[in-house]
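Enquirer: Here you go, my_file03.cif (mmCIF, N, CA and C atoms):
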data_my_file
loop_
_atom_site.label_atom_id
_atom_site.label_comp_id
_atom_site.auth_asym_id
_atom_site.auth_seq_id
_atom_site.Cartn_x
_atom_site.Cartn_y
_atom_site.Cartn_z
N MET A 12 1.20 32.83 37.22
CA MET A 12 1.54 32.28 35.93
C MET A 12 2.57 31.16 36.07
N LYS A 13 3.60 31.40 36.89
CA LYS A 13 4.64 30.39 37.08
C LYS A 13 4.05 29.13 37.71
N LEU A 14 3.07 29.30 38.58
CA LEU A 14 2.44 28.16 39.23
C LEU A 14 1.69 27.31 38.21
N ILE A 15 1.03 27.97 37.25
CA ILE A 15 0.29 27.24 36.22
C ILE A 15 1.27 26.44 35.35
N VAL A 16 2.36 27.07 34.93
CA VAL A 16 3.35 26.39 34.11
C VAL A 16 3.96 25.21 34.87
N LEU A 17 4.30 25.42 36.13
CA LEU A 17 4.87 24.36 36.96
C LEU A 17 3.89 23.21 37.13
N THR A 18 2.61 23.54 37.31
CA THR A 18 1.58 22.51 37.46
C THR A 18 1.44 21.70 36.17
N CYS A 19 1.47 22.38 35.01
CA CYS A 19 1.36 21.68 33.73
C CYS A 19 2.56 20.76 33.50
N VAL A 20 3.75 21.25 33.80
CA VAL A 20 4.95 20.42 33.63
C VAL A 20 4.88 19.21 34.55
N ALA A 21 4.45 19.39 35.78
CA ALA A 21 4.33 18.27 36.72
C ALA A 21 3.29 17.27 36.24
N ALA A 22 2.17 17.75 35.68
CA ALA A 22 1.12 16.86 35.20
C ALA A 22 1.63 16.02 34.03
N VAL A 23 2.37 16.64 33.13
CA VAL A 23 2.93 15.91 31.98
C VAL A 23 3.93 14.86 32.46
N ALA A 24 4.77 15.23 33.41
CA ALA A 24 5.77 14.30 33.92
C ALA A 24 5.11 13.11 34.60
N LEU A 25 4.05 13.35 35.35
CA LEU A 25 3.37 12.25 36.04
C LEU A 25 2.59 11.37 35.06
N ALA A 26 2.10 11.96 33.98
CA ALA A 26 1.30 11.20 33.02
C ALA A 26 2.15 10.39 32.05
N SER A 27 3.43 10.71 31.91
CA SER A 27 4.26 9.98 30.95
C SER A 27 4.48 8.55 31.41
N PRO A 28 4.51 7.61 30.45
CA PRO A 28 4.71 6.22 30.82
C PRO A 28 6.13 5.99 31.35
N VAL A 29 6.23 5.08 32.27
CA VAL A 29 7.53 4.74 32.83
C VAL A 29 8.03 3.50 32.11
N TYR A 30 9.22 3.60 31.55
CA TYR A 30 9.81 2.48 30.82
C TYR A 30 10.68 1.68 31.78
N ASP A 31 10.35 0.42 31.89
CA ASP A 31 11.14 -0.48 32.71
C ASP A 31 11.74 -1.52 31.78
N GLN A 32 13.04 -1.44 31.54
CA GLN A 32 13.67 -2.34 30.58
C GLN A 32 13.58 -3.80 31.00
N HIS A 33 13.30 -4.07 32.25
CA HIS A 33 13.21 -5.44 32.71
C HIS A 33 11.78 -5.97 32.67
N SER A 34 10.80 -5.08 32.37
CA SER A 34 9.42 -5.54 32.36
C SER A 34 9.10 -6.33 31.10
N ALA A 35 9.69 -5.99 29.98
CA ALA A 35 9.46 -6.74 28.74
C ALA A 35 10.48 -7.88 28.66
N GLU A 36 9.97 -9.05 28.38
CA GLU A 36 10.87 -10.20 28.28
C GLU A 36 11.63 -10.16 26.96
N THR A 37 12.90 -10.31 27.03
CA THR A 37 13.75 -10.38 25.86
C THR A 37 13.87 -11.84 25.46
N PRO A 38 13.56 -12.17 24.21
CA PRO A 38 13.66 -13.58 23.81
C PRO A 38 15.11 -14.07 23.88
N LYS A 39 15.25 -15.31 24.25
CA LYS A 39 16.58 -15.91 24.34
C LYS A 39 17.12 -16.23 22.95
N ILE A 40 18.41 -16.09 22.80
CA ILE A 40 19.07 -16.42 21.54
C ILE A 40 19.41 -17.91 21.57
N LEU A 41 18.88 -18.64 20.60
CA LEU A 41 19.11 -20.08 20.53
C LEU A 41 20.35 -20.41 19.70
N VAL A 42 20.56 -19.66 18.61
CA VAL A 42 21.71 -19.88 17.73
C VAL A 42 22.37 -18.54 17.48
N ASP A 43 23.67 -18.47 17.60
CA ASP A 43 24.44 -17.26 17.29
C ASP A 43 25.81 -17.69 16.79
N GLU A 44 25.89 -17.89 15.49
CA GLU A 44 27.14 -18.34 14.87
C GLU A 44 27.67 -17.22 13.98
N ARG A 45 28.96 -16.89 14.15
CA ARG A 45 29.58 -15.84 13.35
C ARG A 45 30.96 -16.30 12.91
N HIS A 46 31.25 -16.09 11.65
CA HIS A 46 32.55 -16.45 11.09
C HIS A 46 33.04 -15.31 10.22
N ILE A 47 34.27 -14.87 10.47
CA ILE A 47 34.88 -13.82 9.67
C ILE A 47 36.28 -14.28 9.29
N ALA A 48 36.61 -14.17 8.01
CA ALA A 48 37.93 -14.58 7.54
C ALA A 48 38.99 -13.67 8.17
N ASP A 49 40.15 -14.21 8.40
CA ASP A 49 41.25 -13.44 8.99
C ASP A 49 41.58 -12.21 8.16
N ASP A 50 41.48 -12.33 6.85
CA ASP A 50 41.79 -11.19 5.99
C ASP A 50 40.54 -10.35 5.65
N ALA A 51 39.43 -10.64 6.32
CA ALA A 51 38.15 -9.93 6.14
C ALA A 51 37.63 -10.02 4.71
N SER A 52 37.97 -11.08 3.99
CA SER A 52 37.51 -11.22 2.61
C SER A 52 36.12 -11.85 2.54
N TYR A 53 35.67 -12.47 3.60
CA TYR A 53 34.32 -13.01 3.63
C TYR A 53 33.84 -13.12 5.08
N TYR A 54 32.52 -13.25 5.23
CA TYR A 54 31.92 -13.44 6.55
C TYR A 54 30.61 -14.20 6.37
N ASN A 55 30.13 -14.75 7.44
CA ASN A 55 28.77 -15.28 7.49
C ASN A 55 28.31 -15.33 8.93
N PHE A 56 27.01 -15.25 9.11
CA PHE A 56 26.45 -15.38 10.44
C PHE A 56 25.05 -15.96 10.37
N GLN A 57 24.62 -16.51 11.49
CA GLN A 57 23.28 -17.07 11.62
C GLN A 57 22.82 -16.81 13.04
N VAL A 58 21.60 -16.26 13.18
CA VAL A 58 21.03 -15.97 14.48
C VAL A 58 19.60 -16.50 14.50
N GLU A 59 19.23 -17.12 15.62
CA GLU A 59 17.86 -17.59 15.80
C GLU A 59 17.46 -17.35 17.25
N THR A 60 16.25 -16.82 17.45
CA THR A 60 15.77 -16.56 18.81
C THR A 60 14.61 -17.49 19.12
N GLU A 61 14.29 -17.57 20.41
CA GLU A 61 13.24 -18.50 20.83
C GLU A 61 11.85 -18.10 20.35
N ASP A 62 11.66 -16.83 19.94
CA ASP A 62 10.35 -16.42 19.43
C ASP A 62 10.22 -16.62 17.92
N GLY A 63 11.17 -17.31 17.30
CA GLY A 63 11.05 -17.70 15.90
C GLY A 63 11.71 -16.77 14.90
N ILE A 64 12.43 -15.78 15.36
CA ILE A 64 13.13 -14.89 14.43
C ILE A 64 14.42 -15.59 13.98
N THR A 65 14.63 -15.64 12.66
CA THR A 65 15.87 -16.20 12.14
C THR A 65 16.46 -15.21 11.15
N ARG A 66 17.77 -15.15 11.13
CA ARG A 66 18.47 -14.25 10.22
C ARG A 66 19.79 -14.90 9.88
N GLN A 67 20.08 -15.00 8.61
CA GLN A 67 21.38 -15.52 8.17
C GLN A 67 21.85 -14.68 7.02
N GLU A 68 23.16 -14.51 6.95
CA GLU A 68 23.74 -13.69 5.89
C GLU A 68 25.17 -14.13 5.66
N SER A 69 25.60 -14.00 4.41
CA SER A 69 27.00 -14.24 4.08
C SER A 69 27.42 -13.18 3.07
N GLY A 70 28.69 -12.88 3.08
CA GLY A 70 29.19 -11.87 2.17
C GLY A 70 30.65 -12.10 1.87
N ALA A 71 31.08 -11.58 0.74
CA ALA A 71 32.48 -11.70 0.34
C ALA A 71 32.84 -10.48 -0.48
N THR A 72 34.10 -10.08 -0.40
CA THR A 72 34.54 -8.93 -1.19
C THR A 72 34.51 -9.28 -2.66
N ILE A 73 34.17 -8.30 -3.46
CA ILE A 73 34.15 -8.46 -4.91
C ILE A 73 35.51 -7.97 -5.41
N LYS A 74 36.25 -8.85 -6.00
CA LYS A 74 37.63 -8.52 -6.35
C LYS A 74 37.74 -7.78 -7.69
N GLU A 75 37.04 -8.25 -8.71
CA GLU A 75 37.24 -7.70 -10.05
C GLU A 75 36.04 -6.85 -10.48
N GLY A 76 36.34 -5.73 -11.12
CA GLY A 76 35.30 -4.91 -11.72
C GLY A 76 34.42 -4.17 -10.74
N SER A 77 34.90 -3.87 -9.55
CA SER A 77 34.08 -3.16 -8.58
C SER A 77 34.94 -2.17 -7.80
N ALA A 78 34.27 -1.36 -7.04
CA ALA A 78 34.98 -0.40 -6.20
C ALA A 78 35.77 -1.15 -5.13
N GLU A 79 36.85 -0.54 -4.71
CA GLU A 79 37.68 -1.18 -3.69
C GLU A 79 36.87 -1.37 -2.41
N GLY A 80 36.90 -2.56 -1.87
CA GLY A 80 36.18 -2.86 -0.64
C GLY A 80 34.72 -3.22 -0.83
N ALA A 81 34.22 -3.32 -2.08
CA ALA A 81 32.83 -3.67 -2.33
C ALA A 81 32.58 -5.10 -1.87
N VAL A 82 31.38 -5.32 -1.33
CA VAL A 82 31.03 -6.63 -0.79
C VAL A 82 29.72 -7.11 -1.43
N ALA A 83 29.69 -8.35 -1.87
CA ALA A 83 28.46 -8.98 -2.33
C ALA A 83 27.89 -9.76 -1.15
N GLN A 84 26.59 -9.60 -0.91
CA GLN A 84 25.95 -10.24 0.23
C GLN A 84 24.72 -11.00 -0.22
N SER A 85 24.38 -12.01 0.56
CA SER A 85 23.12 -12.72 0.36
C SER A 85 22.67 -13.23 1.71
N GLY A 86 21.37 -13.41 1.85
CA GLY A 86 20.88 -13.89 3.13
C GLY A 86 19.38 -14.02 3.16
N SER A 87 18.87 -14.21 4.36
CA SER A 87 17.43 -14.35 4.55
C SER A 87 17.05 -13.93 5.96
N VAL A 88 15.78 -13.60 6.11
CA VAL A 88 15.23 -13.25 7.41
C VAL A 88 13.82 -13.81 7.46
N SER A 89 13.41 -14.30 8.61
CA SER A 89 12.02 -14.75 8.78
C SER A 89 11.59 -14.51 10.22
N PHE A 90 10.30 -14.24 10.36
CA PHE A 90 9.70 -14.02 11.68
C PHE A 90 8.19 -14.11 11.54
N THR A 91 7.51 -14.18 12.67
CA THR A 91 6.06 -14.28 12.68
C THR A 91 5.48 -12.88 12.85
N LEU A 92 4.57 -12.52 11.94
CA LEU A 92 3.90 -11.23 12.01
C LEU A 92 2.85 -11.24 13.12
N PRO A 93 2.42 -10.07 13.59
CA PRO A 93 1.42 -10.04 14.66
C PRO A 93 0.13 -10.79 14.34
N ASP A 94 -0.23 -10.89 13.05
CA ASP A 94 -1.46 -11.61 12.68
C ASP A 94 -1.23 -13.12 12.53
N GLY A 95 -0.01 -13.59 12.84
CA GLY A 95 0.27 -15.02 12.81
C GLY A 95 0.90 -15.52 11.53
N GLN A 96 0.98 -14.70 10.49
CA GLN A 96 1.60 -15.13 9.24
C GLN A 96 3.11 -15.20 9.39
N GLN A 97 3.72 -16.10 8.66
CA GLN A 97 5.18 -16.24 8.68
C GLN A 97 5.76 -15.38 7.57
N PHE A 98 6.54 -14.36 7.93
CA PHE A 98 7.20 -13.51 6.95
C PHE A 98 8.55 -14.12 6.61
N GLU A 99 8.84 -14.24 5.33
CA GLU A 99 10.13 -14.76 4.88
C GLU A 99 10.62 -13.89 3.73
N MET A 100 11.90 -13.54 3.76
CA MET A 100 12.49 -12.76 2.70
C MET A 100 13.92 -13.22 2.49
N THR A 101 14.29 -13.39 1.23
CA THR A 101 15.67 -13.65 0.87
C THR A 101 16.17 -12.44 0.10
N PHE A 102 17.47 -12.26 0.06
CA PHE A 102 18.00 -11.11 -0.66
C PHE A 102 19.40 -11.38 -1.17
N VAL A 103 19.75 -10.61 -2.18
CA VAL A 103 21.11 -10.56 -2.71
C VAL A 103 21.43 -9.08 -2.86
N ALA A 104 22.62 -8.69 -2.46
CA ALA A 104 23.08 -7.31 -2.64
C ALA A 104 24.47 -7.39 -3.26
N ASP A 105 24.57 -6.92 -4.49
CA ASP A 105 25.85 -7.00 -5.20
C ASP A 105 25.96 -5.81 -6.14
N GLU A 106 26.77 -5.95 -7.18
CA GLU A 106 26.96 -4.84 -8.12
C GLU A 106 25.67 -4.44 -8.83
N ASN A 107 24.64 -5.28 -8.77
CA ASN A 107 23.34 -4.98 -9.37
C ASN A 107 22.36 -4.35 -8.38
N GLY A 108 22.82 -4.05 -7.18
CA GLY A 108 21.96 -3.44 -6.17
C GLY A 108 21.35 -4.45 -5.22
N PHE A 109 20.43 -3.96 -4.39
CA PHE A 109 19.73 -4.79 -3.41
C PHE A 109 18.53 -5.43 -4.09
N GLN A 110 18.43 -6.77 -4.02
CA GLN A 110 17.38 -7.51 -4.71
C GLN A 110 16.65 -8.42 -3.73
N PRO A 111 15.61 -7.91 -3.05
CA PRO A 111 14.86 -8.74 -2.12
C PRO A 111 13.83 -9.60 -2.84
N GLN A 112 13.51 -10.74 -2.26
CA GLN A 112 12.48 -11.64 -2.79
C GLN A 112 11.58 -12.07 -1.63
N SER A 113 10.30 -11.77 -1.73
CA SER A 113 9.34 -12.19 -0.70
C SER A 113 7.94 -12.06 -1.27
N SER A 114 7.07 -12.95 -0.86
CA SER A 114 5.67 -12.85 -1.29
C SER A 114 4.99 -11.67 -0.61
N PHE A 115 5.59 -11.08 0.42
CA PHE A 115 5.01 -9.94 1.12
C PHE A 115 5.37 -8.60 0.48
N LEU A 116 6.32 -8.60 -0.45
CA LEU A 116 6.71 -7.35 -1.09
C LEU A 116 5.75 -7.02 -2.22
N PRO A 117 5.44 -5.73 -2.42
CA PRO A 117 4.54 -5.37 -3.52
C PRO A 117 5.19 -5.67 -4.86
N VAL A 118 4.36 -5.96 -5.84
CA VAL A 118 4.85 -6.31 -7.17
C VAL A 118 4.29 -5.30 -8.16
N ALA A 119 5.15 -4.73 -8.97
CA ALA A 119 4.71 -3.79 -10.00
C ALA A 119 3.97 -4.56 -11.10
N PRO A 120 3.06 -3.89 -11.79
CA PRO A 120 2.35 -4.57 -12.88
C PRO A 120 3.31 -4.95 -13.99
N GLU A 121 2.95 -5.98 -14.73
CA GLU A 121 3.75 -6.41 -15.88
C GLU A 121 3.85 -5.26 -16.87
N PHE A 122 4.98 -5.16 -17.53
CA PHE A 122 5.13 -4.14 -18.55
C PHE A 122 5.60 -4.81 -19.82
N PRO A 123 5.17 -4.48 -20.98
CA PRO A 123 4.31 -3.33 -21.20
C PRO A 123 2.86 -3.68 -20.90
N HIS A 124 2.23 -2.81 -20.15
CA HIS A 124 0.82 -2.99 -19.86
C HIS A 124 0.00 -2.28 -20.94
N GLU A 125 -1.26 -2.59 -21.00
CA GLU A 125 -2.11 -2.01 -22.03
C GLU A 125 -2.26 -0.51 -21.80
N ILE A 126 -2.10 0.27 -22.85
CA ILE A 126 -2.23 1.72 -22.75
C ILE A 126 -3.69 2.07 -23.03
N PRO A 127 -4.34 2.81 -22.12
CA PRO A 127 -5.76 3.15 -22.31
C PRO A 127 -5.97 3.96 -23.59
N GLN A 128 -7.14 3.81 -24.18
CA GLN A 128 -7.44 4.48 -25.44
C GLN A 128 -7.35 5.98 -25.33
N PHE A 129 -7.80 6.58 -24.23
CA PHE A 129 -7.77 8.04 -24.12
C PHE A 129 -6.32 8.56 -24.14
N VAL A 130 -5.38 7.77 -23.67
CA VAL A 130 -3.98 8.17 -23.73
C VAL A 130 -3.49 8.11 -25.17
N LEU A 131 -3.85 7.04 -25.88
CA LEU A 131 -3.48 6.93 -27.30
C LEU A 131 -4.07 8.07 -28.11
N ASP A 132 -5.32 8.45 -27.78
CA ASP A 132 -5.95 9.57 -28.48
C ASP A 132 -5.19 10.87 -28.24
N GLN A 133 -4.74 11.11 -27.02
CA GLN A 133 -3.98 12.32 -26.71
C GLN A 133 -2.63 12.33 -27.42
N ILE A 134 -1.99 11.19 -27.50
CA ILE A 134 -0.71 11.09 -28.20
C ILE A 134 -0.90 11.41 -29.68
N GLU A 135 -1.95 10.87 -30.28
CA GLU A 135 -2.23 11.13 -31.69
C GLU A 135 -2.56 12.60 -31.92
N LYS A 136 -3.34 13.20 -31.04
CA LYS A 136 -3.68 14.62 -31.15
C LYS A 136 -2.41 15.48 -31.10
N ALA A 137 -1.52 15.17 -30.19
CA ALA A 137 -0.26 15.92 -30.07
C ALA A 137 0.59 15.75 -31.33
N ARG A 138 0.61 14.55 -31.87
CA ARG A 138 1.38 14.31 -33.09
C ARG A 138 0.84 15.13 -34.24
N LEU A 139 -0.49 15.15 -34.40
CA LEU A 139 -1.11 15.93 -35.47
C LEU A 139 -0.87 17.42 -35.29
N GLU A 140 -0.92 17.92 -34.05
CA GLU A 140 -0.65 19.34 -33.80
C GLU A 140 0.80 19.68 -34.14
N ASP A 141 1.72 18.82 -33.77
CA ASP A 141 3.13 19.05 -34.10
C ASP A 141 3.35 19.05 -35.61
N GLU A 142 2.68 18.12 -36.28
CA GLU A 142 2.80 18.02 -37.74
C GLU A 142 2.24 19.28 -38.40
N ALA A 143 1.10 19.76 -37.93
CA ALA A 143 0.49 20.97 -38.50
C ALA A 143 1.37 22.18 -38.22
N GLU A 144 1.96 22.25 -37.06
CA GLU A 144 2.84 23.38 -36.70
C GLU A 144 4.08 23.40 -37.59
N SER A 145 4.59 22.25 -37.91
CA SER A 145 5.80 22.20 -38.74
C SER A 145 5.53 22.58 -40.19
N ARG A 146 4.27 22.48 -40.66
CA ARG A 146 3.91 22.84 -42.03
C ARG A 146 3.68 24.34 -42.20
N LYS A 147 3.50 25.06 -41.10
CA LYS A 147 3.24 26.49 -41.19
C LYS A 147 4.47 27.20 -41.73
N ALA A 148 4.20 28.28 -42.51
CA ALA A 148 5.30 29.09 -43.03
C ALA A 148 5.88 29.90 -41.88
N PRO A 149 7.18 30.15 -41.93
CA PRO A 149 7.78 30.95 -40.88
C PRO A 149 7.16 32.35 -40.86
N SER A 150 7.11 32.93 -39.73
CA SER A 150 6.52 34.25 -39.57
C SER A 150 7.37 35.29 -40.29
N SER A 151 6.69 36.24 -40.97
CA SER A 151 7.42 37.31 -41.68
C SER A 151 7.80 38.44 -40.74
N ARG A 152 7.42 38.36 -39.52
CA ARG A 152 7.71 39.41 -38.56
C ARG A 152 9.16 39.39 -38.14
N TYR A 153 9.81 38.28 -38.30
CA TYR A 153 11.20 38.17 -37.88
C TYR A 153 12.08 38.11 -39.11
N GLY A 154 13.08 38.94 -39.14
CA GLY A 154 14.00 38.95 -40.26
C GLY A 154 15.28 38.22 -39.92
N ALA A 155 16.07 38.06 -40.92
CA ALA A 155 17.38 37.42 -40.72
C ALA A 155 18.26 38.33 -39.90
N PRO A 156 19.10 37.81 -39.06
CA PRO A 156 19.97 38.66 -38.25
C PRO A 156 21.04 39.35 -39.05
#
Starting from the file, lay out its structure as structure tokens.

Expert:
Amino acid sequence: MKLIVLTCVAAVALASPVYDQHSAETPKILVDERHIADDASYYNFQVETEDGITRQESGATIKEGSAEGAVAQSGSVSFTLPDGQQFEMTFVADENGFQPQSSFLPVAPEFPHEIPQFVLDQIEKARLEDEAESRKAPSSRYGAP
């Protein structure tokens, strides 16, 4: 039994892929600019690699009407997708939350959208049932406390 378990463990170990960190080429960084205020009240950075990835962001502390240390940020990121399309996204993150903008992000339908007739029929049926229930006389089975 021990021999079978040992053989299985050895087979799994031999079959596992070997990761060589030097086998995959790491793209070179073409631009790497970083600026941080001495008092840490704002920052910005920009990074660009030789394979077309770009990322830039800036942020500043929000002084009034926010939690202590809150930061408002804005920036963008772009890169080439495996199918060759260029992905681009801009964003703002502030007291209103994270607000990304990109043609690649899904978009919810416009509201108010048209309500299907069968839903309106169900709403009307429920209204009529509630109205009929409210017109019924209270049950005589229950007395006053």

Enquirer: For the file shown, report as a list in words the outcome of the PyMOL selection byres ((chain A and resi 69) around 6.5) at residue level.

Expert: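 Applied to this file, the PyMOL selection byres ((chain A and resi 69) around 6.5) returns Tyr54, Asn55, Phe56, Gln67, Glu68, Gly70, Ala71, Ala83, Gln84, Ser85 and Gly86 of chain A.
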
Enquirer: So what does the PyMOL selection byres ((chain A and resi 59) around 6.5) actually pick up in this one, as a VMD selection string?

Expert: chain A and resid 39 to 43 57 to 58 60 to 66

Enquirer: Please report the interatomic distance between CA of His124 (chain A) and atom N of Lys136 (chain A) in Å with one decimal.

Expert: 20.1 Å

Enquirer: Can you tell me how far CA of Lys147 (chain A) sits from CA of Ile134 (chain A), in Å to one decimal?

Expert: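 Here the two named atoms are 20.5 Å from each other.
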
Enquirer: Give the answer as one residue: which of A:Thr37, A:Gln128, A:Leu92, A:Met100 has the shortest atom-to-atom distance to Phe115 (chain A), using all atoms listed in the file?

Expert: A:Met100

Enquirer: Using Å and a single decimal, report how far CA of Glu36 (chain A) sits from CA of Thr91 (chain A).

Expert: 16.8 Å
